[in-house]
file final25.txt (compact mmCIF, C-alpha atoms)
# COMPACT_ATOMS: atom_id res chain seq x y z
CA MET R 437 -21.70 32.19 15.22
CA GLU R 438 -22.91 28.96 13.69
CA THR R 439 -26.05 26.89 13.90
CA ILE R 440 -25.75 24.02 16.39
CA THR R 441 -27.73 20.77 16.26
CA LEU R 442 -28.11 18.80 19.48
CA ASN R 443 -29.07 15.13 19.31
CA LEU R 444 -31.47 14.44 22.16
CA PRO R 445 -31.79 10.79 23.21
CA ALA R 446 -35.34 9.44 23.52
CA ALA R 447 -34.99 9.47 27.32
CA VAL R 448 -34.79 13.28 27.31
CA ALA R 449 -37.15 14.00 24.40
CA LEU R 450 -39.01 17.28 24.75
CA THR R 451 -42.80 17.41 24.77
CA ASP R 452 -44.47 20.20 22.77
CA GLU R 453 -45.03 22.16 25.99
CA GLN R 454 -41.42 21.70 27.14
CA PHE R 455 -40.13 22.87 23.76
CA TYR R 456 -42.43 25.91 23.97
CA GLN R 457 -41.19 26.76 27.47
CA LEU R 458 -37.57 26.28 26.37
CA CYS R 459 -38.10 28.77 23.54
CA ILE R 460 -39.73 31.29 25.89
CA ALA R 461 -36.89 30.96 28.42
CA ASN R 462 -34.24 31.45 25.69
CA GLU R 463 -35.81 34.07 23.49
CA GLU R 464 -32.42 35.46 22.42
CA TRP R 465 -31.91 32.26 20.38
CA ARG R 466 -33.96 30.88 17.51
CA LEU R 467 -34.82 27.28 18.33
CA GLU R 468 -36.24 24.65 16.00
CA GLN R 469 -36.72 20.89 16.29
CA THR R 470 -36.60 18.10 13.72
CA PRO R 471 -39.21 15.30 13.63
CA GLU R 472 -36.51 13.04 15.09
CA GLY R 473 -36.24 15.31 18.14
CA GLU R 474 -32.93 17.01 17.31
CA LEU R 475 -32.76 20.51 18.77
CA ILE R 476 -31.48 23.18 16.36
CA ILE R 477 -30.01 26.32 17.95
CA MET R 478 -29.52 29.25 15.62
CA PRO R 479 -27.73 32.53 16.39
CA PRO R 480 -29.59 35.82 16.22
CA THR R 481 -29.90 37.42 12.78
CA GLY R 482 -27.14 39.80 11.70
CA GLY R 483 -27.73 43.30 10.36
CA GLU R 484 -27.87 42.59 6.61
CA SER R 485 -30.10 39.53 7.06
CA GLY R 486 -32.34 41.55 9.38
CA ILE R 487 -32.78 44.27 6.73
CA ARG R 488 -33.48 41.67 4.04
CA ASN R 489 -36.01 39.82 6.22
CA SER R 490 -37.71 43.09 7.09
CA ASP R 491 -38.03 44.06 3.41
CA ILE R 492 -39.45 40.63 2.50
CA ASN R 493 -42.03 40.79 5.28
CA LEU R 494 -42.96 44.36 4.35
CA GLU R 495 -43.68 43.37 0.74
CA LEU R 496 -45.66 40.30 1.79
CA ASN R 497 -47.64 42.31 4.36
CA LEU R 498 -48.48 45.07 1.89
CA TRP R 499 -49.85 42.51 -0.56
CA ASN R 500 -51.81 40.76 2.21
CA ARG R 501 -53.29 44.00 3.56
CA HIS R 502 -54.64 44.69 0.09
CA THR R 503 -56.03 41.19 -0.53
CA GLN R 504 -56.87 40.21 3.09
CA LEU R 505 -56.54 36.56 2.08
CA GLY R 506 -54.51 35.35 5.04
CA LYS R 507 -52.03 36.07 7.81
CA VAL R 508 -48.32 36.91 7.49
CA PHE R 509 -45.72 35.70 10.01
CA ASP R 510 -42.14 36.76 10.64
CA SER R 511 -39.06 34.66 11.36
CA SER R 512 -39.74 34.41 15.09
CA THR R 513 -42.88 32.31 14.56
CA VAL R 514 -42.50 28.56 15.13
CA PHE R 515 -44.92 26.27 13.30
CA LYS R 516 -45.55 22.72 14.49
CA LEU R 517 -45.63 20.79 11.22
CA PRO R 518 -47.77 17.66 10.74
CA ASN R 519 -44.66 15.43 10.94
CA GLY R 520 -43.80 16.84 14.39
CA ALA R 521 -41.01 19.18 13.29
CA LYS R 522 -41.06 22.68 14.74
CA ARG R 523 -39.78 25.15 12.16
CA SER R 524 -39.47 28.93 11.73
CA PRO R 525 -39.38 30.21 8.16
CA ASP R 526 -38.02 33.71 7.57
CA ALA R 527 -41.44 34.69 6.24
CA ALA R 528 -44.66 32.69 6.11
CA TRP R 529 -48.24 33.11 5.01
CA VAL R 530 -51.32 31.10 6.02
CA LEU R 531 -54.71 31.18 4.32
CA LEU R 532 -57.22 33.04 6.50
CA GLU R 533 -59.73 30.18 6.84
CA ARG R 534 -56.97 27.85 8.03
CA TRP R 535 -55.80 30.36 10.64
CA GLU R 536 -59.32 31.08 11.88
CA ALA R 537 -59.99 27.34 12.33
CA LEU R 538 -57.31 27.16 15.05
CA SER R 539 -58.16 27.39 18.72
CA ALA R 540 -57.15 30.47 20.72
CA GLU R 541 -54.47 28.37 22.46
CA ASP R 542 -53.03 27.15 19.15
CA LYS R 543 -52.86 30.72 17.86
CA ARG R 544 -51.11 31.92 21.03
CA LYS R 545 -48.43 29.22 21.07
CA PHE R 546 -46.89 27.45 18.08
CA PRO R 547 -49.55 27.04 15.37
CA PRO R 548 -49.99 23.33 14.55
CA LEU R 549 -49.97 23.64 10.79
CA CYS R 550 -47.72 24.06 7.81
CA PRO R 551 -47.87 27.49 6.17
CA HIS R 552 -49.23 27.67 2.63
CA PHE R 553 -46.26 29.83 1.60
CA VAL R 554 -42.76 30.20 3.04
CA ILE R 555 -39.56 32.08 2.31
CA GLU R 556 -36.13 31.09 3.57
CA LEU R 557 -33.37 33.65 3.10
CA ARG R 558 -29.85 32.31 3.35
CA SER R 559 -27.65 34.26 5.74
CA ALA R 560 -23.88 34.00 6.18
CA SER R 561 -24.24 31.36 8.93
CA ASP R 562 -26.66 29.14 6.97
CA SER R 563 -25.69 26.01 5.09
CA LEU R 564 -27.39 25.85 1.68
CA GLU R 565 -27.93 22.09 2.04
CA THR R 566 -29.55 22.55 5.47
CA LEU R 567 -31.93 25.15 4.04
CA ARG R 568 -32.77 22.88 1.12
CA ALA R 569 -33.66 20.10 3.57
CA LYS R 570 -35.82 22.57 5.49
CA MET R 571 -37.63 23.54 2.28
CA ARG R 572 -38.30 19.87 1.57
CA TYR R 573 -39.78 19.55 5.08
CA TYR R 574 -42.21 22.34 4.28
CA ARG R 575 -43.18 20.82 0.94
CA THR R 576 -43.73 17.29 2.31
CA ASN R 577 -45.86 18.77 5.10
CA GLY R 578 -48.20 20.55 2.70
CA CYS R 579 -46.61 23.92 1.87
CA ARG R 580 -47.95 24.88 -1.54
CA LEU R 581 -45.17 27.32 -2.52
CA GLY R 582 -41.76 28.12 -1.08
CA TRP R 583 -38.85 30.30 -2.09
CA LEU R 584 -35.28 29.74 -0.99
CA ILE R 585 -33.38 32.97 -1.72
CA ASP R 586 -29.59 32.74 -1.60
CA PRO R 587 -27.88 36.14 -2.06
CA GLN R 588 -24.46 34.48 -1.74
CA THR R 589 -24.56 32.20 -4.80
CA PRO R 590 -26.82 34.00 -6.04
CA LEU R 591 -29.83 31.80 -6.77
CA VAL R 592 -33.49 31.27 -6.02
CA GLU R 593 -35.07 27.85 -5.65
CA ILE R 594 -38.83 27.53 -6.02
CA TYR R 595 -40.52 24.64 -4.22
CA ARG R 596 -44.04 23.65 -5.23
CA LEU R 597 -46.27 21.08 -3.57
CA SER R 598 -47.02 19.48 -6.93
CA GLU R 599 -43.34 19.03 -7.91
CA ASP R 600 -40.69 16.75 -6.37
CA VAL R 601 -37.78 18.82 -7.70
CA ALA R 602 -37.26 22.51 -7.03
CA GLU R 603 -36.99 24.96 -9.90
CA VAL R 604 -33.56 26.64 -9.72
CA ILE R 605 -33.03 30.18 -11.00
CA ASN R 606 -29.38 31.25 -11.17
CA PHE R 607 -28.97 34.95 -11.79
CA SER R 608 -26.51 37.83 -11.72
CA PHE R 609 -26.73 40.77 -9.32
CA ASP R 610 -27.36 43.15 -12.20
CA GLN R 611 -30.37 41.12 -13.42
CA PRO R 612 -32.20 39.66 -10.41
CA PRO R 613 -35.55 37.96 -11.02
CA THR R 614 -39.00 39.04 -9.97
CA LEU R 615 -40.76 36.16 -8.20
CA SER R 616 -44.46 35.42 -8.62
CA GLY R 617 -46.80 34.17 -5.92
CA GLU R 618 -48.50 32.17 -8.68
CA ASP R 619 -51.96 30.86 -7.75
CA VAL R 620 -51.06 30.60 -4.04
CA LEU R 621 -50.58 34.36 -3.57
CA PRO R 622 -52.47 35.80 -6.56
CA GLY R 623 -50.94 39.05 -7.74
CA PHE R 624 -47.96 38.97 -5.37
CA LEU R 625 -44.67 39.86 -7.03
CA LEU R 626 -41.32 40.19 -5.25
CA ASP R 627 -38.54 42.07 -7.03
CA ILE R 628 -35.50 40.82 -5.14
CA THR R 629 -33.28 43.75 -6.19
CA ARG R 630 -33.79 45.42 -2.79
CA ILE R 631 -33.23 42.12 -0.94
CA LEU R 632 -29.81 41.76 -2.57
CA ASN R 633 -28.68 45.28 -1.67
CA PRO R 634 -29.56 45.95 1.98
call {"tool": "encode", "arguments": {"input": "final25.txt", "output": "structure tokens"}}
result
Amino acid sequence: METITLNLPAAVALTDEQFYQLCIANEEWRLEQTPEGELIIMPPTGGESGIRNSDINLELNLWNRHTQLGKVFDSSTVFKLPNGAKRSPDAAWVLLERWEALSAEDKRKFPPLCPHFVIELRSASDSLETLRAKMRYYRTNGCRLGWLIDPQTPLVEIYRLSEDVAEVINFSFDQPPTLSGEDVLPGFLLDITRILNP
């Protein structure tokens, strides 16, 4: 199964509420929307990607439970970015004060903010260029740190708010890197060995 992008003419553009209801009515699909209104329909996650996503979220959650600095979100969470895009990173983290400033309604639906930290994990159905564009969306909308992990190439790209160009780390399966949360997630380290071998 492949990702499908539907171009919606302005005459049938979805409001935020209509997009929310569409997602609720079609929960077996992962839906996203570009700032231009294009609807992105993604297939469900396969087994290996599901294991990898679960391991990533486990590591991020364990760090966050210890520090209690924010909130961790899985790949089913849609964020309404400042530019109007509605995106779902594979893992996301939001600083606690930013989360607590939201209304109860905003917390219940699609949070209107860009996460401080995101991870995108390339699966077999993902285009690397599409994921790179998605990472740039996060960065231009205020994401302070993002990791694009590609087990297929293999490589990791690190996106920082302060830098226009991503740092690229090419590696071999026998020497995968350990990624640092830097000053965004102080003390968080992710050894991607387990992510590469689900």
call {"tool": "closest_residue", "arguments": {"input": "final25.txt", "among": "R:Ser559, R:Gln454, R:Ser485, R:Ser512", "to": "R:Ser524", "atoms": "all atoms listed in the file"}}
result
R:Ser512
call {"tool": "atom_distance", "arguments": {"input": "final25.txt", "atom1": "atom CA of R:Asp627", "atom2": "atom CA of R:Thr614"}}
result
4.2 Å
call {"tool": "closest_residue", "arguments": {"input": "final25.txt", "among": "R:Phe609, R:Phe624, R:Phe546, R:Phe509", "to": "R:Ala528", "atoms": "only C-alpha atoms"}}
result
R:Phe509
call {"tool": "atom_distance", "arguments": {"input": "final25.txt", "atom1": "atom CA of R:Leu505", "atom2": "atom CA of R:Leu591"}}
result
28.5 Å
call {"tool": "atom_distance", "arguments": {"input": "final25.txt", "atom1": "atom CA of R:Gly483", "atom2": "atom CA of R:Ser563"}}
result
18.2 Å
call {"tool": "residues_near_point", "arguments": {"input": "final25.txt", "point": "(-27.6, 16.3, 21.8)", "cutoff": "12 Å", "atoms": "only C-alpha atoms", "output": "NGL selection string"}}
result
:R and (440-450 or 469 or 472-477)
call {"tool": "closest_residue", "arguments": {"input": "final25.txt", "among": "R:Arg558, R:His552, R:Lys516, R:Arg501", "to": "R:Gly482", "atoms": "only C-alpha atoms"}}
result
R:Arg558
call {"tool": "residues_near_point", "arguments": {"input": "final25.txt", "point": "(-38.4, 35.2, 10.3)", "cutoff": "12 Å", "atoms": "all atoms listed in the file", "output": "PyMOL selection string"}}
result
chain R and resi 466-467+478+480-481+485-494+508-515+523-529+554-559
call {"tool": "residues_around", "arguments": {"input": "final25.txt", "residues": "R:Ile605", "least_positions_apart": "3", "cutoff": "10 Å", "atoms": "only C-alpha atoms", "output": "ChimeraX atom specification"}}
result
/R:585,590-594,602,612-613
call {"tool": "closest_residue", "arguments": {"input": "final25.txt", "among": "R:Glu484, R:Pro479, R:Glu536, R:Lys545", "to": "R:Phe455", "atoms": "only C-alpha atoms"}}
result
R:Lys545
call {"tool": "closest_residue", "arguments": {"input": "final25.txt", "among": "R:Thr470, R:Thr576, R:Ser616, R:Ser561", "to": "R:Gly520", "atoms": "all atoms listed in the file"}}
result
R:Thr470
call {"tool": "closest_residue", "arguments": {"input": "final25.txt", "among": "R:Ala461, R:Ala560, R:Leu615, R:Leu532", "to": "R:Gly582", "atoms": "all atoms listed in the file"}}
result
R:Leu615
call {"tool": "residues_around", "arguments": {"input": "final25.txt", "residues": "R:Cys579", "least_positions_apart": "6", "cutoff": "7 Å", "atoms": "only C-alpha atoms", "output": "number ranges by chain"}}
result
R: 550-553, 597
